[in-house]
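Below is one structure, written out as structure tokens; comments come after it.
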Amino acid sequence: MDRDSRLTIEYLRSQPPNGVVRWTSDHVSAEKPWAIGWIDIRVAGGGLADMGWVWTIVRDDDEDDPKPGELWCFVWPHDLELHSVFDPKAGWFVHELPVLAGQRLPRPLAAAYEEHARRVGGSYAVRPAWSARAVSDALSDWADRHAGRPDLRFEWDRDAGPSAVLAEMMERAAAPGPVWDLGDGLNVVDGLMDDLLALHPDEAAELTPILRDAAKRF
């Protein structure tokens, strides 16, 4: 077992009986209370503050994670399907509509998505996603299996604010100097653009809309 998993288990075992553990994530916002691809989760309110994140939930088809011994990274089934259009001009997905996994859209609504995709030269996509409730369920299961604490309740703290890492990136994005326009109101300086280019393309694609959403909130 890795060190971070061990510290997390110790933290959960130290909680009072029937306690509530509040969690937050830069991947989930009040405007978009769901996550796709993967989700990094931290404990809100100062718990395990030395960790950038405490858990990571990934898809069951993730090629890189979870790794042996890293209990903090684990697979959990999606409960949502996110209907959206990839708009090449925006460089991301627009008109995102979450529905329960397996639930079909009414045909007129699906046709409207298909028509919008044709109009912008993009594509209509349905992507699996986790709701905030699914994340809470996943953490409850983790606490039960690994820490022996089935009594703990996990709740999403939607008002916790950005992580220190995201806050720093937003500060750097707003710094003076040459900027790159990433669309939809997000302009970033050279240094941050270098960081994005150094990421795996999938990671950069996931991080860019998070930065864009954060920019709208600040």
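In the structure tokens, chains take the letters A, B, ... in the order shown, each chain's residues start at 1, and ligands count up from 1 in the order shown.
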Selection: 12 Å around Phe93 (chain A), only C-alpha atoms, excl. self and same-chain fewer than 3 positions, as a list in words:
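That gives Ile36, Leu82, His83, Ser84, Val85, Phe86, Asp87, Pro88, Lys89, Ala90, Glu96, Leu97, Tyr113, His116, Ala117, Val120, Gly122, Ser123, Tyr124, Ala125, Val126, Arg127, Asp184, Ala205, Glu206, Thr208 and Pro209 of chain A.
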Those same residues - N, CA, C and O atoms - I'd like them written as a compact mmCIF listing (two decimals), in the first residue's frame.
# COMPACT_ATOMS: atom_id res chain seq x y z
N ILE A 36 -16.14 14.14 -16.08
CA ILE A 36 -15.91 13.15 -17.12
C ILE A 36 -14.44 12.76 -17.12
O ILE A 36 -13.60 13.47 -16.58
N LEU A 82 -23.51 12.27 -20.76
CA LEU A 82 -23.50 13.69 -21.06
C LEU A 82 -23.65 13.89 -22.57
O LEU A 82 -22.75 13.58 -23.34
N HIS A 83 -24.82 14.39 -22.97
CA HIS A 83 -25.07 14.69 -24.37
C HIS A 83 -24.56 16.09 -24.67
O HIS A 83 -24.83 17.04 -23.92
N SER A 84 -23.80 16.23 -25.75
CA SER A 84 -23.20 17.52 -26.07
C SER A 84 -22.76 17.54 -27.52
O SER A 84 -22.81 16.52 -28.22
N VAL A 85 -22.36 18.72 -27.97
CA VAL A 85 -21.82 18.91 -29.32
C VAL A 85 -20.39 19.41 -29.19
O VAL A 85 -20.13 20.36 -28.44
N PHE A 86 -19.49 18.76 -29.91
CA PHE A 86 -18.13 19.30 -29.97
C PHE A 86 -18.11 20.38 -31.05
O PHE A 86 -18.36 20.11 -32.23
N ASP A 87 -17.83 21.62 -30.62
CA ASP A 87 -17.80 22.77 -31.51
C ASP A 87 -16.35 23.13 -31.80
O ASP A 87 -15.64 23.57 -30.90
N PRO A 88 -15.87 22.92 -33.03
CA PRO A 88 -14.46 23.22 -33.34
C PRO A 88 -14.07 24.66 -33.04
O PRO A 88 -12.94 24.92 -32.63
N LYS A 89 -15.00 25.60 -33.23
CA LYS A 89 -14.68 27.01 -32.97
C LYS A 89 -14.44 27.25 -31.49
O LYS A 89 -13.53 27.99 -31.10
N ALA A 90 -15.26 26.64 -30.64
CA ALA A 90 -15.10 26.78 -29.19
C ALA A 90 -13.94 25.93 -28.68
O ALA A 90 -13.38 26.19 -27.62
N GLU A 96 -24.07 21.03 -23.01
CA GLU A 96 -23.98 19.75 -22.30
C GLU A 96 -25.26 19.48 -21.51
O GLU A 96 -25.73 20.31 -20.74
N LEU A 97 -25.79 18.29 -21.70
CA LEU A 97 -27.03 17.89 -21.03
C LEU A 97 -26.83 16.53 -20.38
O LEU A 97 -26.69 15.52 -21.07
N TYR A 113 -29.62 18.09 -31.50
CA TYR A 113 -28.18 18.00 -31.26
C TYR A 113 -27.44 17.65 -32.56
O TYR A 113 -26.40 18.23 -32.88
N HIS A 116 -27.36 20.70 -34.83
CA HIS A 116 -26.40 21.71 -34.36
C HIS A 116 -24.97 21.29 -34.69
O HIS A 116 -24.15 22.11 -35.11
N ALA A 117 -24.68 20.01 -34.52
CA ALA A 117 -23.34 19.52 -34.84
C ALA A 117 -23.03 19.72 -36.32
O ALA A 117 -21.92 20.14 -36.68
N VAL A 120 -22.26 23.52 -37.11
CA VAL A 120 -20.97 24.08 -36.69
C VAL A 120 -19.79 23.26 -37.20
O VAL A 120 -18.63 23.58 -36.90
N GLY A 122 -19.13 20.18 -36.37
CA GLY A 122 -18.58 19.41 -35.25
C GLY A 122 -19.17 18.03 -35.19
O GLY A 122 -19.46 17.41 -36.22
N SER A 123 -19.39 17.54 -33.98
CA SER A 123 -19.92 16.19 -33.82
C SER A 123 -20.78 16.12 -32.56
O SER A 123 -20.54 16.84 -31.58
N TYR A 124 -21.79 15.27 -32.62
CA TYR A 124 -22.67 15.02 -31.48
C TYR A 124 -22.08 13.87 -30.68
O TYR A 124 -21.79 12.81 -31.22
N ALA A 125 -21.86 14.10 -29.40
CA ALA A 125 -21.19 13.09 -28.57
C ALA A 125 -22.01 12.78 -27.32
O ALA A 125 -22.72 13.65 -26.79
N VAL A 126 -21.92 11.55 -26.89
CA VAL A 126 -22.50 11.13 -25.61
C VAL A 126 -21.36 10.54 -24.79
O VAL A 126 -20.79 9.51 -25.15
N ARG A 127 -21.02 11.23 -23.70
CA ARG A 127 -19.86 10.84 -22.90
C ARG A 127 -20.31 10.41 -21.50
O ARG A 127 -21.17 11.04 -20.90
N ASP A 184 -13.46 31.57 -25.69
CA ASP A 184 -14.52 31.69 -24.68
C ASP A 184 -14.05 32.47 -23.45
O ASP A 184 -14.36 32.12 -22.31
N ALA A 205 -6.75 18.81 -22.64
CA ALA A 205 -8.14 19.00 -23.07
C ALA A 205 -9.09 19.03 -21.88
O ALA A 205 -10.08 19.77 -21.87
N GLU A 206 -8.79 18.23 -20.85
CA GLU A 206 -9.62 18.22 -19.64
C GLU A 206 -9.40 19.49 -18.81
O GLU A 206 -10.34 20.05 -18.26
N THR A 208 -8.27 22.55 -19.75
CA THR A 208 -8.62 23.84 -20.36
C THR A 208 -10.04 24.29 -20.01
O THR A 208 -10.23 25.44 -19.60
N PRO A 209 -11.08 23.45 -20.14
CA PRO A 209 -12.41 23.92 -19.74
C PRO A 209 -12.53 24.18 -18.24
O PRO A 209 -13.34 25.01 -17.83
Please return, as a VMD selection string, all residues of region 11-99 of chain A that DSSP assigns to strand (DSSP E or B) on the basis of the backbone.
chain A and resid 20 to 24 34 to 36 38 to 43 55 to 58 73 to 75 80 to 87 92 to 99
Of the candidates A:Asp4, A:Glu81, A:Glu31, A:Asp157, which one gets nearest to Gly52 (chain A) if we count only C-alpha atoms?
A:Asp4
Taking 5 positions as the minimum chain separation for residues in the same chain, which residues sit within 9 Å of Tyr11 (chain A) when counting only C-alpha atoms? Answer as a ChimeraX atom specification.
/A:6,47-48
Using only C-alpha atoms for the distances, tell me which of A:Ala132, A:Ala143, A:Val43, A:Leu80 is nearest to Ala30 (chain A).
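Ranking A:Ala132, A:Ala143, A:Val43, A:Leu80 by distance to Ala30 (chain A), first place goes to A:Ala132.
We find CA of Ala160 (chain A) and CA of Gly45 (chain A) to be spaced 7.8 Å apart.
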Counting only C-alpha atoms, which of A:Arg3, A:Lys67, A:Arg13, A:Arg22 gets nearest to Leu139 (chain A)?
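That would be A:Arg22, the residue with the smallest distance to Leu139 (chain A).
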Pro68 (chain A): which residues within 12 Å, counting only C-alpha atoms, same-chain residues fewer than 6 positions away excluded, as a PyMOL selection string?
chain A and resi 1-2+5+74
Write out, as a PDB file, in the first residue's frame, the residues just selected, with C-alpha atoms.
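Saved as result.pdb:
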ATOM      1  CA  MET A   1       0.000   0.000   0.000  1.00  0.00           C
ATOM      2  CA  ASP A   2       1.337   3.468  -0.850  1.00  0.00           C
ATOM      3  CA  SER A   5      -3.516   5.653   0.865  1.00  0.00           C
ATOM      4  CA  PHE A  74      -9.840   3.485  -8.283  1.00  0.00           C
TER       5      PHE A  74
END
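For region 9-126 of chain A, backbone-based DSSP labels the following residues as helix (DSSP H, G or I): Ile9, Glu10, Tyr11, Leu12, Arg13, Arg107, Pro108, Leu109, Ala110, Ala111, Ala112, Tyr113, Glu114, Glu115, His116, Ala117, Arg118, Arg119 and Val120 of chain A.
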Could you tell me how far CA of Ser14 (chain A) lies from CA of Asp144 (chain A), in Å and to one decimal?
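Atom-to-atom, CA of Ser14 (chain A) and CA of Asp144 (chain A) are spaced 13.7 Å apart.
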